[in-house]
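Presented below is the structure to which this report refers.
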Protein chains: 2
Amino acid sequence: MEGKEILRQHIAKTASLTDEQFDFLFSHFKPRSFQKGQVVIGEGDKVDHEYFVVSGCLKAFFISDQIKMYILQFAMPTWWTSDYGALYNHTRASISIDCITDAQVLCLSNDDREKICRELHQAEYFFRWRTNRGYLASQKRLLSFMNNDARARYEELMALYPQLYNLVPKHLIAAYLGVSRETLSRLYNAHK
Amino acid sequence: MEGKEILRQHIAKTASLTDEQFDFLFSHFKPRSFQKGQVVIGEGDKVDHEYFVVSGCLKAFFISDQIKMYILQFAMPTWWTSDYGALYNHTRASISIDCITDAQVLCLSNDDREKICRELHQAEYFFRWRTNRGYLASQKRLLSFMNNDARARYEELMALYPQLYNLVPKHLIAAYLGVSRETLSRLYNAHK
């Protein structure tokens, strides 16, 4: 399926747009291809776009004290990713995003998202609910970090994306969960 | 200042509503008063409303293994609070909300928020940006928990609400930061 159709079905789960309205919305997205390992946003970059993933897998991460990697998000098909702090507040990127696999994305600029939302009430509705869901996922993950419950974080991640364990290198999954490789193996074996 | 005017100024920072539009919006809010210690949402409750705080201070929290309290949010004047997971997904509350001080709030039901958003495009814009900001705050706090950086969490909390240290019992601030009382004192003294 091509990117346009994937985006269309994704939005249709939340909001009703006519063909004409969707074509208008879609005309503001620009397709881009990235190779495995390529950087989409580097720490310190100016951030003007958010990205809708059509294929492949990206990761949003930051490196603490130039040593330890923390993974904020794996962005898989139909997920959105960016440094939203930098994008919304017009500041420089404080995290990085790169590609775990080759990836195809659709890019939408901050200005174009706001323009689309102004012109189409249903698009504003879509983006409100997209963020509502992102907020809930973030709160859920926060709770399991506060509570130091690695099992809950593991189960949440596998529920979100069951195939992840086979797609993504284990050290990256461990960095997402905030656990060692050994703990990850234990969680995986207990979960099977 | 009464609740209506406080809500009006709060919304005006983000969205432009005419007097008539604001009156329509406001007609869906119901004022309620709570006393110090009173429960607004109890774990397991049905959740139909979100709350805009006019005065006082509430806390959203959960208790793990019937022992340890984790505080997700202090809700102060002009902040919004609810168990949004339960509210959006129509499930029972998995967290609790009660009042640290006497408090006045404006209650808005899920159905009424959706109705207001359907009828007023500017209200949909307002609620989209409210959640965008909540999402950013949640991500920031998640990063500092992943990174186990209690200092960053302390500085973020004090930047959000400088008077909090004098308003809220110290053991609650420690429960928000996920640190001991002793660590909290050290952070406070280093920050002065």
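Quick note on naming: the chains in the structure tokens go A, B, ... in the order shown, residues restart at 1 in each chain, and ligands are numbered from 1 in order of appearance.
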* To do: Kindly determine which residues of chain B lie within 7 Å of chain A, considering only C-alpha atoms, and give the answer as a VMD selection string.
  => chain B and resid 85 121 124 to 125 128 131 to 132 134 to 136 138 to 139 142 145 to 146 178
* Check the DSSP output for the backbone and give back, as a PyMOL selection string, the residues of stretch 74-148 of chain A in strand (DSSP E or B). => chain A and resi 74-75+80-81+92+96-99+103-109
* Interatomic distance between atom CA of B:Val40 and atom CA of B:Ile97? ->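 Between atom CA of B:Val40 and atom CA of B:Ile97 the gap is 5.4 Å.
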* Residues within 7 Å of B:Arg181, only C-alpha atoms, excluding chain neighbours under 4 positions, as a ChimeraX atom specification -> /B:171,174,185
File dump, residues just selected, all heavy atoms, as a tab-separated table (two decimals), in the first residue's frame:
chain	number	residue	atom	x	y	z
B	171	HIS	N	6.33	15.69	52.38
B	171	HIS	CA	6.31	14.27	51.98
B	171	HIS	C	5.58	14.07	50.65
B	171	HIS	O	5.83	13.12	49.92
B	171	HIS	CB	5.70	13.38	53.09
B	171	HIS	CG	4.22	13.51	53.25
B	171	HIS	ND1	3.63	14.54	53.96
B	171	HIS	CD2	3.20	12.77	52.76
B	171	HIS	CE1	2.31	14.40	53.92
B	171	HIS	NE2	2.02	13.33	53.20
B	174	ALA	N	8.10	15.05	47.93
B	174	ALA	CA	9.03	13.93	47.78
B	174	ALA	C	8.39	12.80	46.97
B	174	ALA	O	9.03	12.19	46.10
B	174	ALA	CB	9.49	13.42	49.14
B	185	SER	N	15.30	17.68	50.93
B	185	SER	CA	15.93	18.78	51.68
B	185	SER	C	17.23	19.19	51.02
B	185	SER	O	17.53	20.38	50.90
B	185	SER	CB	16.25	18.36	53.12
B	185	SER	OG	15.08	18.02	53.79
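From atom CA of B:Leu87 back to atom CA of B:Lys115, the distance works out to 15.2 Å.
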* To do: Extract, using only C-alpha atoms, all DNA, RNA and protein residues at most 9 Å from stretch 21-29 of chain B, discarding same-chain residues fewer than 5 positions from it, and format them as a ChimeraX atom specification.
  => /B:4,7-8,106-109,112-113,116,120,123
